[in-house]
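Worksheet: the structure to be examined is printed underneath.
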Amino acid sequence: MIELLASTLRLATPLIFAAMGGLFCERAGVATICLEGVMLTGAWAAATATYFTQDPYIGICAGLVAGVLTMWLHALLAVQSKADAIVSGVAVNLFATGITPLLNKIFFGGTANTPSLSLDQRLSNVPIPGLEQIPFLGPLLFDQPFLIYLGLLTPFAVAYVIYRTAFGLRILAAGDGPKALATAGVSPTRVRWMAFAVGGALASLGGTYLAISHASQFTRDMTAGRGYIALTALIFGKWKPVPTLFACLFFGFFDALQIRLQSSSIGGFSVPVQFIQMLPYVAALVLLAGFIGRAEPPLAIGKDDR
Amino acid sequence: MNNAQSAAAFEFEGVTKIFGSVTANSDVSFSVESGTIHGVVGENGAGKSTIMKILYGMYHPDGGTILVQGKPVRFKSSHDAISLGIGMVHQHFMLVPTLTVWQNVVLGMEPKKWNLNRNNSITELNNIKCQFGFQVDLHARISDLTVGQQQQVEILKLLYRKAEILILDEPTAVLTPQEVDVLLERLKNLRDLGKTVVFISHKLREILSFTENVTIMRHGKVVETLPTSGLTESSLAEKMVGRKLRALPVRKPVDTARSPRLSIDNLCVEKDGQAKLSNVSFDVRPGEIIGIAGVDGNGQHELVQVLMNVARDYEGKVLLDGKPLRECRTYELKQKGLAVVPPDRLKEAVVTDFCIRENYILGHHWEKEFVSHGTFQMPKIQAAVKSALETFDVRPREPEWPMSGLSGGNQQKVVLAREFARPVELLVAAQPTRGVDIGAIEFIHARFIQKRDEGASIVLVSTELEEILQLSDRILVLYEGKIQGQCLRKDATEEKLGLWMTGGQQ
Ligand SMILES: Nc1ncnc2c1ncn2[C@@H]1O[C@H](COP(=O)(O)OP(=O)(O)O)[C@@H](O)[C@H]1O
Ligand SMILES: [Mg+2]
């Protein structure tokens, strides 16, 4: 059971980072379906930089830079040139699926993956003094790589920034009333570029975590749809940081459950693995259809007078 | 008047602004004395908003100079104008609906970068509120406020930014008569505290009642700038329109012997558990105009929805020629002579992305006169549209012109042209002259009287008392979904209707 919780945390972390990144961009009024692509470039850059420098923290920085640049590509198309944000998002995702194997081939000679990192090159576990002493629970929940703790804290920091700072207020205004923001003498475009920088950085951490903490290398298309799940979590959370955190944990839980069930059989009858893998998505559908009220996206999303 | 007072707050010298093929302002020159209320009047499209947006730094002039406090200025953006103490309340409010009042006010000039919360902005805002006599809850969400309160927030925004020159673009267009009085008092108060107020309007009575000077604009040019005292409503209107206004035609008396065409009996509408209309009953005879007056939001919307046959979930009877309205399909009704002028023109009456021609046939696009063998008969349609544009004096007379490129008055004329293209039995018109200039109002009113004299039954829903008093044969006042009072036009006075509109009894 505790193993399941720990696994939930591990699987939810990339979703949390990506969803928080998406939150910044979408609250600023631009649909952002390119979280997947941002995570992917972040993951590749982090894995590669870590491999060459032997230092996972430099890897994180490389991931941040790659994430911000990828998100800014979306900004260039959707914010600066006012292209349709969905089309731009798809373009960025396709770009990321193409550029990562290409760079990989240039750097390492193959398109499939970066060389494996040794255990001490990966992000090491940081036990929390005191708490990790708790029998059973401690080692599993409080002896984790620091990105996991950071992931749990990020939504609260995001809530503070969004609701309690001048920058956050301007982001909310860019999303719900860009014209009002412009008449107040602030350029919504500038606010969006800045929101995208923060958003790209956060989302990249999701990819970085996958490459150098969860796994020990970048593999092609390793994000496997997590960017889209994060987006769904954002909608479940109604674009609010803390509810979104819970939505991410929910998806993380079903993902963990799904992995657990794969190796078990029910009454001697083994369920085809594909069915079990459907679990998180079925849960999402049921939740979306039945339990979550109407979710109102930020008002400027999808409007062409951005 | 001493020297300090007569100094110009700002001045335009030969300012010109061109949008593509439209010259919105041409060689505009006038100056505004500081510490006064200065009116700017002109029909829709005269260029009033444009010249003021230039002063506010939103548009860059294509020629001419602007002087603020005697110094020539060049604004890169509104930011520069704001820092010189210029503030503007736009015709369409510029508020973020999901944010609270204080958030909207401080937006763009937040008192702190971090740890921004109500407490550190509220003291200052409360001071401003007290100083200028505002009543608005600083923690309320904008979307929960009435239009009048939202306007207070807009003015609060300017005061928070220490604006000395306040520009208000058609501030009364959206207000109830009571709210207008409050606003005018407030503006006088601001003037007495030394602020300069620029008041754009096409409601002449307001301009006459409280401005010191007025600039009259027509077709992008300044006709004249002169002191308001000594002007009358009709002299101002003539300068503004450029010709004498016609009086409404004399009309036939209502034939009270005829049986009603539309009859409404105990109509009740409920929405989310709230009664929106309760026990509303009235009849409309052929050749009669029933005016429904009332402050916005007292059930007019629901009544219009029922009469347009859009809302069918109600209790009570609504009979058209003895037949229940909701059992009819809307297109049958249209063929039988139902014409509608919905209150929200852009949402309910036209498709702004379509051209005039497409909007003109909208709703009748399947009729034999326009279609044969499943395809549009373009030559016929073109001819019909051309002649309609001619009769209804729509400018420009271009069937292919996009609807969004027309002024409000011309858009409304296209709607009328469409609705009046077939014989009219029942006309349901809500706010038919909202955002429409004097010339077009005159035209629309004359058409209504003409249709009435031809025997149409007309239900006119309007928040403009003047319009109701001018057109109606009988007047009903809606208050909180009930008919608070009714009378014939000859017995109606503004005082009496005003009393009913606010829930008073005779
Ligand atoms: N942003 C714009 N782009 C193109 N044309 C415009 C724009 N703003 C105003 N116009 C045109 O300029 C003219 C003057 O408009 P406006 O200043 O809004 O008039 P008013 O406020 O007096 O009703 C109108 O013909 C209008 O269509
Ligand atoms: Mg205007």
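Simple scheme: letters A, B, ... for chains in structure tokens order, numbers from 1 for residues in each chain, numbers from 1 for ligands in the order shown.
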
- request: Would you kindly return, as number ranges by chain, each protein, DNA or RNA residue with an atom no farther than 12 Å from any atom of Gly168 in chain A, considering only C-alpha atoms and excluding same-chain residues fewer than 3 positions away?
  value: A: 23-25, 27-28, 157-165, 171-175, 191-192, 194-195, 198; B: 99, 103, 107-108, 110, 113-117

I need the residues from that last selection saved to file as an mmCIF file, in the first residue's frame (with C-alpha atoms), if you can.
```
data_model
loop_
_atom_site.group_PDB
_atom_site.id
_atom_site.type_symbol
_atom_site.label_atom_id
_atom_site.label_comp_id
_atom_site.auth_asym_id
_atom_site.auth_seq_id
_atom_site.Cartn_x
_atom_site.Cartn_y
_atom_site.Cartn_z
ATOM 1 C CA LEU A 23 -1.192 26.872 -15.810
ATOM 2 C CA PHE A 24 1.045 29.908 -16.251
ATOM 3 C CA CYS A 25 0.640 29.917 -20.009
ATOM 4 C CA ARG A 27 -3.943 31.675 -17.316
ATOM 5 C CA ALA A 28 -2.192 34.255 -19.478
ATOM 6 C CA ALA A 157 4.331 28.673 -4.767
ATOM 7 C CA VAL A 158 2.409 29.025 -8.014
ATOM 8 C CA ALA A 159 -0.734 29.908 -6.071
ATOM 9 C CA TYR A 160 1.208 32.611 -4.259
ATOM 10 C CA VAL A 161 2.622 34.054 -7.458
ATOM 11 C CA ILE A 162 -0.672 33.969 -9.306
ATOM 12 C CA TYR A 163 -2.881 35.318 -6.538
ATOM 13 C CA ARG A 164 -0.538 37.462 -4.496
ATOM 14 C CA THR A 165 1.915 39.230 -6.775
ATOM 15 C CA ILE A 171 -1.186 37.209 -15.866
ATOM 16 C CA LEU A 172 -4.785 36.806 -14.739
ATOM 17 C CA ALA A 173 -5.702 40.019 -16.520
ATOM 18 C CA ALA A 174 -3.911 38.894 -19.697
ATOM 19 C CA GLY A 175 -6.021 35.750 -19.593
ATOM 20 C CA VAL A 191 3.184 39.589 -19.860
ATOM 21 C CA ARG A 192 2.616 36.464 -21.954
ATOM 22 C CA MET A 194 7.196 36.292 -19.277
ATOM 23 C CA ALA A 195 4.479 33.838 -18.275
ATOM 24 C CA VAL A 198 8.075 30.589 -16.223
ATOM 25 C CA LEU B 99 -11.140 39.953 -10.889
ATOM 26 C CA GLN B 103 -7.580 44.190 -8.338
ATOM 27 C CA LEU B 107 -3.858 46.583 -12.208
ATOM 28 C CA GLY B 108 -0.847 48.050 -14.012
ATOM 29 C CA GLU B 110 0.267 47.802 -8.236
ATOM 30 C CA LYS B 113 5.388 43.723 -6.400
ATOM 31 C CA TRP B 114 5.126 40.935 -3.845
ATOM 32 C CA ASN B 115 2.643 40.022 -1.204
ATOM 33 C CA LEU B 116 -0.017 41.961 -2.990
ATOM 34 C CA ASN B 117 -3.235 41.679 -1.071
#
```

Spatial neighbours of Gly455 in chain B, max dist 8 Å, only C-alpha atoms, sep filter under 3 positions, as an mmCIF file with all heavy atoms, in the first residue's frame:
```cif
data_model
loop_
_atom_site.group_PDB
_atom_site.id
_atom_site.type_symbol
_atom_site.label_atom_id
_atom_site.label_comp_id
_atom_site.auth_asym_id
_atom_site.auth_seq_id
_atom_site.Cartn_x
_atom_site.Cartn_y
_atom_site.Cartn_z
ATOM 1 N N PRO B 286 -54.141 45.482 -33.719
ATOM 2 C CA PRO B 286 -53.495 45.920 -34.966
ATOM 3 C C PRO B 286 -53.424 47.445 -34.973
ATOM 4 O O PRO B 286 -54.347 48.111 -34.499
ATOM 5 C CB PRO B 286 -54.450 45.428 -36.057
ATOM 6 C CG PRO B 286 -55.255 44.355 -35.423
ATOM 7 C CD PRO B 286 -55.362 44.695 -33.979
ATOM 8 N N GLY B 287 -52.349 47.978 -35.492
ATOM 9 C CA GLY B 287 -52.199 49.429 -35.559
ATOM 10 C C GLY B 287 -51.980 50.072 -34.212
ATOM 11 O O GLY B 287 -52.381 51.204 -33.988
ATOM 12 N N GLU B 288 -51.337 49.329 -33.311
ATOM 13 C CA GLU B 288 -51.103 49.892 -31.981
ATOM 14 C C GLU B 288 -49.659 49.633 -31.558
ATOM 15 O O GLU B 288 -49.111 48.560 -31.829
ATOM 16 C CB GLU B 288 -52.052 49.237 -30.977
ATOM 17 C CG GLU B 288 -51.993 49.852 -29.596
ATOM 18 C CD GLU B 288 -52.946 49.172 -28.606
ATOM 19 O OE1 GLU B 288 -53.141 47.945 -28.705
ATOM 20 O OE2 GLU B 288 -53.470 49.872 -27.742
ATOM 21 N N GLU B 425 -46.976 41.809 -39.392
ATOM 22 C CA GLU B 425 -48.176 41.742 -38.556
ATOM 23 C C GLU B 425 -47.835 42.131 -37.123
ATOM 24 O O GLU B 425 -48.530 42.899 -36.499
ATOM 25 C CB GLU B 425 -48.725 40.305 -38.541
ATOM 26 C CG GLU B 425 -49.123 39.778 -39.888
ATOM 27 C CD GLU B 425 -50.614 39.791 -40.065
ATOM 28 O OE1 GLU B 425 -51.308 39.082 -39.311
ATOM 29 O OE2 GLU B 425 -51.084 40.541 -40.951
ATOM 30 N N LYS B 451 -45.244 51.621 -40.167
ATOM 31 C CA LYS B 451 -45.718 50.233 -40.066
ATOM 32 C C LYS B 451 -46.991 50.166 -39.229
ATOM 33 O O LYS B 451 -47.922 49.429 -39.526
ATOM 34 C CB LYS B 451 -44.643 49.338 -39.428
ATOM 35 C CG LYS B 451 -43.546 48.931 -40.389
ATOM 36 C CD LYS B 451 -44.049 47.969 -41.439
ATOM 37 C CE LYS B 451 -43.109 47.981 -42.640
ATOM 38 N NZ LYS B 451 -43.661 47.388 -43.845
ATOM 39 N N ARG B 452 -47.006 50.946 -38.142
ATOM 40 C CA ARG B 452 -48.171 50.968 -37.276
ATOM 41 C C ARG B 452 -49.392 51.446 -38.054
ATOM 42 O O ARG B 452 -50.466 50.835 -37.987
ATOM 43 C CB ARG B 452 -47.913 51.917 -36.106
ATOM 44 C CG ARG B 452 -49.143 52.277 -35.315
ATOM 45 C CD ARG B 452 -48.870 53.512 -34.472
ATOM 46 N NE ARG B 452 -50.065 53.915 -33.722
ATOM 47 C CZ ARG B 452 -51.024 54.673 -34.236
ATOM 48 N NH1 ARG B 452 -50.963 55.103 -35.484
ATOM 49 N NH2 ARG B 452 -52.075 54.993 -33.487
#
```

- request: Pull out every residue of chain B that has at least one atom within 10 Å of chain A, counting only C-alpha atoms, and report them as JSON, numbers by chain.
  value: {"B": [56, 57, 58, 77, 78, 79, 80, 81, 82, 83, 87, 88, 89, 90, 93, 94, 95, 96, 97, 98, 99, 103, 104, 105, 106, 107, 108, 109, 110, 111, 112, 113, 114, 115, 116, 117, 118, 157, 158, 161]}

message: So that I can check the surroundings of Asn44 in chain B, please list as number ranges by chain every protein, DNA and RNA residue that reaches within 9 Å of it, counting only C-alpha atoms and ignoring chain neighbours fewer than 5 positions away.
response: B: 202, 407-409, 435-438

Keeping only N, CA, C and O atoms, write those residues as a PDB file, in the first residue's frame.
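Saved file out.pdb follows:
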```
ATOM      1  N   HIS B 202     -24.100  61.614 -27.263  1.00  0.00           N
ATOM      2  CA  HIS B 202     -24.966  62.203 -28.261  1.00  0.00           C
ATOM      3  C   HIS B 202     -26.343  62.478 -27.674  1.00  0.00           C
ATOM      4  O   HIS B 202     -27.303  62.681 -28.387  1.00  0.00           O
ATOM      5  N   SER B 407     -21.424  51.388 -39.087  1.00  0.00           N
ATOM      6  CA  SER B 407     -21.698  52.002 -37.787  1.00  0.00           C
ATOM      7  C   SER B 407     -22.953  51.360 -37.205  1.00  0.00           C
ATOM      8  O   SER B 407     -23.721  50.708 -37.910  1.00  0.00           O
ATOM      9  N   GLY B 408     -23.183  51.553 -35.905  1.00  0.00           N
ATOM     10  CA  GLY B 408     -24.340  50.960 -35.238  1.00  0.00           C
ATOM     11  C   GLY B 408     -25.653  51.308 -35.926  1.00  0.00           C
ATOM     12  O   GLY B 408     -26.516  50.454 -36.127  1.00  0.00           O
ATOM     13  N   GLY B 409     -25.792  52.564 -36.315  1.00  0.00           N
ATOM     14  CA  GLY B 409     -27.029  53.001 -36.957  1.00  0.00           C
ATOM     15  C   GLY B 409     -27.263  52.282 -38.273  1.00  0.00           C
ATOM     16  O   GLY B 409     -28.378  51.841 -38.567  1.00  0.00           O
ATOM     17  N   GLY B 435     -27.286  52.800 -29.151  1.00  0.00           N
ATOM     18  CA  GLY B 435     -26.031  53.032 -29.875  1.00  0.00           C
ATOM     19  C   GLY B 435     -26.229  53.504 -31.308  1.00  0.00           C
ATOM     20  O   GLY B 435     -25.410  53.243 -32.176  1.00  0.00           O
ATOM     21  N   VAL B 436     -27.341  54.200 -31.553  1.00  0.00           N
ATOM     22  CA  VAL B 436     -27.659  54.632 -32.911  1.00  0.00           C
ATOM     23  C   VAL B 436     -27.723  56.149 -32.901  1.00  0.00           C
ATOM     24  O   VAL B 436     -28.164  56.757 -31.929  1.00  0.00           O
ATOM     25  N   ASP B 437     -27.240  56.811 -33.969  1.00  0.00           N
ATOM     26  CA  ASP B 437     -27.182  58.267 -33.930  1.00  0.00           C
ATOM     27  C   ASP B 437     -28.536  58.911 -34.231  1.00  0.00           C
ATOM     28  O   ASP B 437     -29.467  58.261 -34.686  1.00  0.00           O
ATOM     29  N   ILE B 438     -28.597  60.231 -33.989  1.00  0.00           N
ATOM     30  CA  ILE B 438     -29.875  60.947 -34.072  1.00  0.00           C
ATOM     31  C   ILE B 438     -30.550  60.788 -35.428  1.00  0.00           C
ATOM     32  O   ILE B 438     -31.737  60.505 -35.512  1.00  0.00           O
TER      33      ILE B 438
END
```

query: Which parts of range 383-429 of chain B does DSSP call strand (DSSP E) when run on the backbone here, written out as an NGL selection string?
result: :B and (426-429)

Save out the residues we just selected, N, CA, C and O atoms, as a tab-separated table (two decimals), in the first residue's frame.
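Output saved as out_11.tsv:
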```tsv
chain	number	residue	atom	x	y	z
B	426	LEU	N	-46.76	41.50	-36.63
B	426	LEU	CA	-46.34	41.79	-35.26
B	426	LEU	C	-44.85	42.12	-35.27
B	426	LEU	O	-44.04	41.36	-35.79
B	427	LEU	N	-44.52	43.27	-34.72
B	427	LEU	CA	-43.11	43.65	-34.61
B	427	LEU	C	-42.73	43.67	-33.14
B	427	LEU	O	-43.38	44.33	-32.33
B	428	VAL	N	-41.69	42.89	-32.80
B	428	VAL	CA	-41.16	42.92	-31.45
B	428	VAL	C	-39.82	43.61	-31.52
B	428	VAL	O	-38.89	43.10	-32.14
B	429	ALA	N	-39.74	44.80	-30.94
B	429	ALA	CA	-38.50	45.57	-31.04
B	429	ALA	C	-37.99	45.90	-29.65
B	429	ALA	O	-38.72	46.46	-28.84
```

Compile a residue-level contact table for chain B against ligand 1 at a cut-off of 7 Å, reporting for every qualifying residue the shortest atom pair and its distance in Å to one decimal, with only C-alpha atoms and all ligand atoms counted, rows ordered by chain and ascending number, as a tab-separated table.
```
residue	atom	partner	partner_atom_place_in_ligand_line	distance
B:Phe19	CA	ligand 1	4 (C)	4.8
B:Gly20	CA	ligand 1	4 (C)	6.9
B:Val22	CA	ligand 1	12 (O)	6.1
B:Thr23	CA	ligand 1	12 (O)	6.6
B:Ala24	CA	ligand 1	12 (O)	4.0
B:Gly42	CA	ligand 1	22 (O)	6.0
B:Glu43	CA	ligand 1	22 (O)	6.0
B:Asn44	CA	ligand 1	23 (O)	3.5
B:Gly45	CA	ligand 1	19 (O)	3.4
B:Ala46	CA	ligand 1	22 (O)	3.8
B:Gly47	CA	ligand 1	17 (O)	3.2
B:Lys48	CA	ligand 1	22 (O)	3.7
B:Ser49	CA	ligand 1	21 (O)	3.6
B:Thr50	CA	ligand 1	17 (O)	3.7
B:Ile51	CA	ligand 1	17 (O)	6.5
B:Gly220	CA	ligand 1	14 (C)	6.7
B:Gly405	CA	ligand 1	27 (O)	6.3
B:Leu406	CA	ligand 1	27 (O)	6.6
B:Ser407	CA	ligand 1	27 (O)	6.2
```

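Of all the residues in range 72-119 of chain A, the ones DSSP labels as alpha helix (DSSP H) from the backbone are Trp72, Leu73, His74, Ala85, Ile86, Val87, Ser88, Gly89, Val90, Ala91, Val92, Asn93, Leu94, Phe95, Ala96, Thr97, Gly98, Ile99, Thr100, Pro101, Leu102, Leu103, Asn104, Lys105, Ile106, Phe107 and Phe108 of chain A.
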
What would the file look like if the residues just selected were written as an mmCIF file, in the first residue's frame with N, CA, C and O atoms?
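Wrote selection-v1.cif, looks like this:
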```cif
data_model
loop_
_atom_site.group_PDB
_atom_site.id
_atom_site.type_symbol
_atom_site.label_atom_id
_atom_site.label_comp_id
_atom_site.auth_asym_id
_atom_site.auth_seq_id
_atom_site.Cartn_x
_atom_site.Cartn_y
_atom_site.Cartn_z
ATOM 1 N N TRP A 72 9.070 29.324 -25.768
ATOM 2 C CA TRP A 72 9.130 30.602 -26.478
ATOM 3 C C TRP A 72 8.906 30.432 -27.978
ATOM 4 O O TRP A 72 8.476 31.360 -28.647
ATOM 5 N N LEU A 73 9.187 29.255 -28.478
ATOM 6 C CA LEU A 73 8.862 29.004 -29.883
ATOM 7 C C LEU A 73 7.335 29.109 -30.044
ATOM 8 O O LEU A 73 6.816 29.721 -30.989
ATOM 9 N N HIS A 74 6.627 28.528 -29.075
ATOM 10 C CA HIS A 74 5.164 28.635 -29.059
ATOM 11 C C HIS A 74 4.753 30.105 -28.923
ATOM 12 O O HIS A 74 3.817 30.571 -29.578
ATOM 13 N N ALA A 85 -3.436 29.153 -31.563
ATOM 14 C CA ALA A 85 -2.608 28.569 -30.502
ATOM 15 C C ALA A 85 -2.598 27.040 -30.560
ATOM 16 O O ALA A 85 -1.608 26.411 -30.194
ATOM 17 N N ILE A 86 -3.674 26.434 -31.035
ATOM 18 C CA ILE A 86 -3.721 24.976 -31.110
ATOM 19 C C ILE A 86 -2.766 24.499 -32.207
ATOM 20 O O ILE A 86 -1.967 23.584 -32.014
ATOM 21 N N VAL A 87 -2.852 25.160 -33.361
ATOM 22 C CA VAL A 87 -1.966 24.791 -34.464
ATOM 23 C C VAL A 87 -0.511 24.972 -34.050
ATOM 24 O O VAL A 87 0.339 24.103 -34.264
ATOM 25 N N SER A 88 -0.244 26.098 -33.403
ATOM 26 C CA SER A 88 1.108 26.361 -32.960
ATOM 27 C C SER A 88 1.573 25.296 -31.963
ATOM 28 O O SER A 88 2.705 24.813 -32.038
ATOM 29 N N GLY A 89 0.658 24.909 -31.057
ATOM 30 C CA GLY A 89 1.009 23.886 -30.065
ATOM 31 C C GLY A 89 1.347 22.561 -30.720
ATOM 32 O O GLY A 89 2.325 21.906 -30.360
ATOM 33 N N VAL A 90 0.554 22.181 -31.713
ATOM 34 C CA VAL A 90 0.819 20.937 -32.435
ATOM 35 C C VAL A 90 2.177 21.033 -33.128
ATOM 36 O O VAL A 90 2.990 20.104 -33.083
ATOM 37 N N ALA A 91 2.424 22.200 -33.729
ATOM 38 C CA ALA A 91 3.695 22.386 -34.429
ATOM 39 C C ALA A 91 4.871 22.209 -33.475
ATOM 40 O O ALA A 91 5.849 21.523 -33.790
ATOM 41 N N VAL A 92 4.754 22.799 -32.291
ATOM 42 C CA VAL A 92 5.858 22.702 -31.334
ATOM 43 C C VAL A 92 6.055 21.247 -30.897
ATOM 44 O O VAL A 92 7.182 20.765 -30.788
ATOM 45 N N ASN A 93 4.944 20.545 -30.680
ATOM 46 C CA ASN A 93 5.065 19.136 -30.295
ATOM 47 C C ASN A 93 5.762 18.319 -31.387
ATOM 48 O O ASN A 93 6.640 17.502 -31.114
ATOM 49 N N LEU A 94 5.357 18.553 -32.621
ATOM 50 C CA LEU A 94 5.983 17.822 -33.733
ATOM 51 C C LEU A 94 7.459 18.182 -33.842
ATOM 52 O O LEU A 94 8.314 17.325 -34.059
ATOM 53 N N PHE A 95 7.745 19.469 -33.648
ATOM 54 C CA PHE A 95 9.121 19.931 -33.686
ATOM 55 C C PHE A 95 9.951 19.189 -32.643
ATOM 56 O O PHE A 95 11.048 18.700 -32.926
ATOM 57 N N ALA A 96 9.383 19.067 -31.435
ATOM 58 C CA ALA A 96 10.145 18.426 -30.351
ATOM 59 C C ALA A 96 10.359 16.941 -30.622
ATOM 60 O O ALA A 96 11.447 16.416 -30.386
ATOM 61 N N THR A 97 9.343 16.253 -31.157
ATOM 62 C CA THR A 97 9.535 14.835 -31.463
ATOM 63 C C THR A 97 10.562 14.656 -32.567
ATOM 64 O O THR A 97 11.205 13.610 -32.653
ATOM 65 N N GLY A 98 10.728 15.665 -33.413
ATOM 66 C CA GLY A 98 11.701 15.548 -34.494
ATOM 67 C C GLY A 98 13.098 15.958 -34.070
ATOM 68 O O GLY A 98 14.081 15.273 -34.362
ATOM 69 N N ILE A 99 13.186 17.066 -33.330
ATOM 70 C CA ILE A 99 14.512 17.615 -33.055
ATOM 71 C C ILE A 99 15.287 16.757 -32.054
ATOM 72 O O ILE A 99 16.507 16.627 -32.156
ATOM 73 N N THR A 100 14.573 16.118 -31.092
ATOM 74 C CA THR A 100 15.323 15.371 -30.074
ATOM 75 C C THR A 100 16.070 14.175 -30.665
ATOM 76 O O THR A 100 17.276 14.041 -30.411
ATOM 77 N N PRO A 101 15.448 13.316 -31.488
ATOM 78 C CA PRO A 101 16.255 12.227 -32.072
ATOM 79 C C PRO A 101 17.341 12.745 -33.013
ATOM 80 O O PRO A 101 18.442 12.179 -33.072
ATOM 81 N N LEU A 102 17.029 13.861 -33.696
ATOM 82 C CA LEU A 102 18.030 14.402 -34.616
ATOM 83 C C LEU A 102 19.283 14.823 -33.853
ATOM 84 O O LEU A 102 20.407 14.419 -34.184
ATOM 85 N N LEU A 103 19.087 15.613 -32.799
ATOM 86 C CA LEU A 103 20.233 16.048 -31.994
ATOM 87 C C LEU A 103 20.928 14.849 -31.380
ATOM 88 O O LEU A 103 22.148 14.789 -31.296
ATOM 89 N N ASN A 104 20.130 13.883 -30.968
ATOM 90 C CA ASN A 104 20.684 12.687 -30.354
ATOM 91 C C ASN A 104 21.618 11.971 -31.328
ATOM 92 O O ASN A 104 22.696 11.509 -30.969
ATOM 93 N N LYS A 105 21.173 11.933 -32.581
ATOM 94 C CA LYS A 105 21.988 11.272 -33.604
ATOM 95 C C LYS A 105 23.295 12.037 -33.796
ATOM 96 O O LYS A 105 24.377 11.445 -33.913
ATOM 97 N N ILE A 106 23.197 13.367 -33.791
ATOM 98 C CA ILE A 106 24.394 14.187 -33.964
ATOM 99 C C ILE A 106 25.356 13.972 -32.792
ATOM 100 O O ILE A 106 26.554 13.800 -32.973
ATOM 101 N N PHE A 107 24.813 13.950 -31.582
ATOM 102 C CA PHE A 107 25.676 13.856 -30.401
ATOM 103 C C PHE A 107 26.155 12.425 -30.132
ATOM 104 O O PHE A 107 27.266 12.206 -29.727
ATOM 105 N N PHE A 108 25.258 11.456 -30.325
ATOM 106 C CA PHE A 108 25.584 10.095 -29.869
ATOM 107 C C PHE A 108 25.529 9.049 -30.976
ATOM 108 O O PHE A 108 25.720 7.871 -30.725
#
```

- request: Skip Gly70 in chain B itself and residues of its chain fewer than 6 positions away, then list as a list in words all residues within 9 Å of it, counting only C-alpha atoms.
  value: Ala7, Ala8, Ala9, Phe10 and Glu11 of chain B

- request: Can you work out the spacing between CA of Phe354 in chain B and CA of Arg418 in chain B in Å, to one decimal?
  value: 14.3 Å
